[in-house]
>>> print(open('start-v1.tsv').read())   # TSV, C-alpha atoms
chain	number	residue	atom	x	y	z
J	1	MET	CA	117.89	81.47	96.65
J	2	LEU	CA	116.50	80.58	93.23
J	3	GLU	CA	115.96	83.58	90.93
J	4	PHE	CA	112.88	83.91	88.74
J	5	ASP	CA	113.31	87.52	87.62
J	6	PHE	CA	114.32	87.30	83.97
J	7	ARG	CA	115.75	90.84	83.98
J	8	THR	CA	118.13	89.89	86.78
J	9	ILE	CA	119.08	86.70	84.95
J	10	GLY	CA	119.62	88.70	81.76
J	11	ASN	CA	121.85	91.18	83.60
J	12	ARG	CA	123.92	88.33	85.01
J	13	LEU	CA	124.29	86.84	81.54
J	14	LEU	CA	125.36	90.23	80.19
J	15	THR	CA	128.06	90.57	82.84
J	16	ILE	CA	129.34	87.02	82.36
J	17	ARG	CA	129.31	87.34	78.56
J	18	LYS	CA	131.30	90.59	78.67
J	19	LYS	CA	133.83	89.07	81.08
J	20	ALA	CA	134.21	86.19	78.61
J	21	GLY	CA	134.94	88.73	75.87
J	22	LEU	CA	132.03	87.65	73.68
J	23	THR	CA	129.52	89.69	71.71
J	24	GLN	CA	125.82	88.88	71.82
J	25	ASN	CA	126.09	87.52	68.27
J	26	GLU	CA	129.01	85.25	69.17
J	27	LEU	CA	127.26	83.85	72.22
J	28	ALA	CA	124.02	83.39	70.29
J	29	GLU	CA	125.90	81.37	67.68
J	30	LEU	CA	127.70	79.28	70.31
J	31	SER	CA	124.36	78.59	71.99
J	32	GLY	CA	122.52	77.77	68.77
J	33	LEU	CA	120.15	80.72	69.21
J	34	SER	CA	119.19	83.55	66.91
J	35	ASP	CA	120.81	86.92	67.60
J	36	ARG	CA	117.38	88.39	68.36
J	37	THR	CA	116.45	85.65	70.82
J	38	TYR	CA	119.68	86.01	72.75
J	39	ALA	CA	119.35	89.82	72.85
J	40	ASP	CA	115.81	89.41	74.24
J	41	ILE	CA	117.15	87.00	76.88
J	42	GLU	CA	119.71	89.56	78.08
J	43	ARG	CA	116.97	92.21	78.19
J	44	GLY	CA	114.89	89.86	80.32
J	45	THR	CA	111.92	89.90	77.96
J	46	VAL	CA	111.92	86.16	77.21
J	47	ASN	CA	110.84	83.28	79.39
J	48	MET	CA	113.61	80.76	78.73
J	49	ARG	CA	113.19	77.02	78.58
J	50	LEU	CA	115.55	74.89	80.65
J	51	GLU	CA	117.17	73.61	77.46
J	52	THR	CA	118.02	77.19	76.44
J	53	ILE	CA	119.51	77.97	79.84
J	54	LEU	CA	121.67	74.86	79.64
J	55	ARG	CA	122.88	75.70	76.12
J	56	ILE	CA	123.85	79.23	77.16
J	57	CYS	CA	125.61	77.96	80.29
J	58	LYS	CA	127.54	75.39	78.25
J	59	ALA	CA	128.65	78.09	75.79
J	60	LEU	CA	129.79	80.35	78.66
J	61	LYS	CA	131.37	77.43	80.57
J	62	ILE	CA	129.32	78.19	83.68
J	63	THR	CA	126.73	76.32	85.71
J	64	PRO	CA	123.05	77.25	85.84
J	65	ASP	CA	123.69	78.14	89.47
J	66	ASP	CA	125.78	81.09	88.29
J	67	ILE	CA	122.76	82.77	86.73
J	68	LEU	CA	119.76	81.29	88.55
J	69	THR	CA	120.66	81.79	92.19
J	70	SER	CA	121.07	84.89	94.26
J	71	ARG	CA	124.49	85.44	95.64
J	72	ASN	CA	126.13	87.77	98.05
J	73	VAL	CA	128.25	90.10	95.98
J	74	SER	CA	130.67	92.75	97.00
J	75	ILE	CA	129.96	96.38	96.29
J	76	LYS	CA	132.71	96.33	93.64
J	77	GLU	CA	131.00	93.44	91.85
J	78	GLU	CA	127.65	95.23	92.00
J	79	MET	CA	129.22	98.39	90.59
J	80	SER	CA	130.90	96.37	87.84
J	81	GLU	CA	127.57	94.76	86.90
J	82	LEU	CA	125.91	98.18	86.76
J	83	ILE	CA	128.69	99.59	84.60
J	84	ASP	CA	128.38	96.61	82.24
J	85	LEU	CA	124.65	97.16	82.04
J	86	LEU	CA	125.12	100.89	81.46
J	87	GLU	CA	127.62	100.21	78.67
J	88	SER	CA	125.03	98.06	76.91
J	89	CYS	CA	122.61	101.01	76.77
J	90	SER	CA	122.23	103.57	74.01
J	91	LEU	CA	123.95	106.93	74.45
J	92	HIS	CA	120.62	108.55	75.34
J	93	GLU	CA	119.86	105.85	77.94
J	94	GLN	CA	123.36	106.26	79.41
J	95	GLN	CA	122.92	110.04	79.70
J	96	THR	CA	119.51	109.63	81.34
J	97	ALA	CA	120.78	107.03	83.83
J	98	LEU	CA	123.81	109.16	84.74
J	99	SER	CA	121.62	112.24	85.20
J	100	ILE	CA	119.31	110.34	87.54
J	101	LEU	CA	122.25	108.96	89.52
J	102	SER	CA	123.85	112.41	89.73
J	103	ILE	CA	120.63	113.99	91.02
J	104	TYR	CA	120.21	111.22	93.58
J	105	LEU	CA	123.79	111.42	94.84
J	106	HIS	CA	123.71	115.20	95.12
J	107	SER	CA	120.44	115.04	97.09
J	108	VAL	CA	121.87	112.44	99.47
J	109	LYS	CA	125.03	114.47	100.05
J	110	GLN	CA	122.99	117.60	100.86
J	111	ILE	CA	120.87	115.76	103.42
J	112	LYS	CA	123.79	114.38	105.41
>>> encode(input="start-v1.tsv", output="C-alpha cells")
Amino acid sequence: MLEFDFRTIGNRLLTIRKKAGLTQNELAELSGLSDRTYADIERGTVNMRLETILRICKALKITPDDILTSRNVSIKEEMSELIDLLESCSLHEQQTALSILSIYLHSVKQIK
C-alpha cells in the first residue's frame, strides 16, 4: 500500500540512514540537499517532490518502494525502528517517551 504520511516516510528514512551508518549531514550532502531540508524530511514536516525522493533513494542505494510502501514488519523490526527514532530525540524527549511507555506497560500488566 502506498504511504502518504510524511512522518512515517521520515521515520523509515531515519532507520535506513542509521543502518547505513550515515549522519543527517552526510546524507543531505550525498542527496544534494541542505542539512535543514533533510532534517525536516526526517521529521516529516516537508512535502517532498518526486525528484527529492529519488535523490535520497539513490544516495541510500534503496528503491522508492522501500520508503513509500507499507510493509509487514516483524515485531523486532518495529522495535528497532522505535529505538532508532527514540535515539534521534533530545534527552528530555527520550525521558518523556520512556515515562509514558513505562506508565502504559505497568497499567497493562496490572489489568491482566
>>> atom_distance(input="start-v1.tsv", atom1="CA of Thr69 (chain J)", atom2="CA of Ala97 (chain J)")
26.6 Å
>>> residues_around(input="start-v1.tsv", residues="Asn11 (chain J)", least_positions_apart="2", cutoff="8 Å", atoms="all atoms listed in the file", output="MDAnalysis selection string")
chainID J and resid 7:9 13:15 42:44 81 85
>>> closest_residue(input="start-v1.tsv", among="J:Ser31, J:Ser107, J:Ser88, J:Thr96", to="Cys57 (chain J)", atoms="only C-alpha atoms")
J:Ser31
>>> atom_distance(input="start-v1.tsv", atom1="CA of Ala20 (chain J)", atom2="CA of Lys58 (chain J)")
12.7 Å
>>> atom_distance(input="start-v1.tsv", atom1="CA of Cys89 (chain J)", atom2="CA of Leu101 (chain J)")
15.0 Å
>>> closest_residue(input="start-v1.tsv", among="J:Ser70, J:Ser80, J:Asn47, J:Thr63", to="Lys18 (chain J)", atoms="all atoms listed in the file")
J:Ser80
>>> closest_residue(input="start-v1.tsv", among="J:Glu26, J:Glu87, J:Glu51, J:Glu77", to="Ala39 (chain J)", atoms="all atoms listed in the file")
J:Glu26
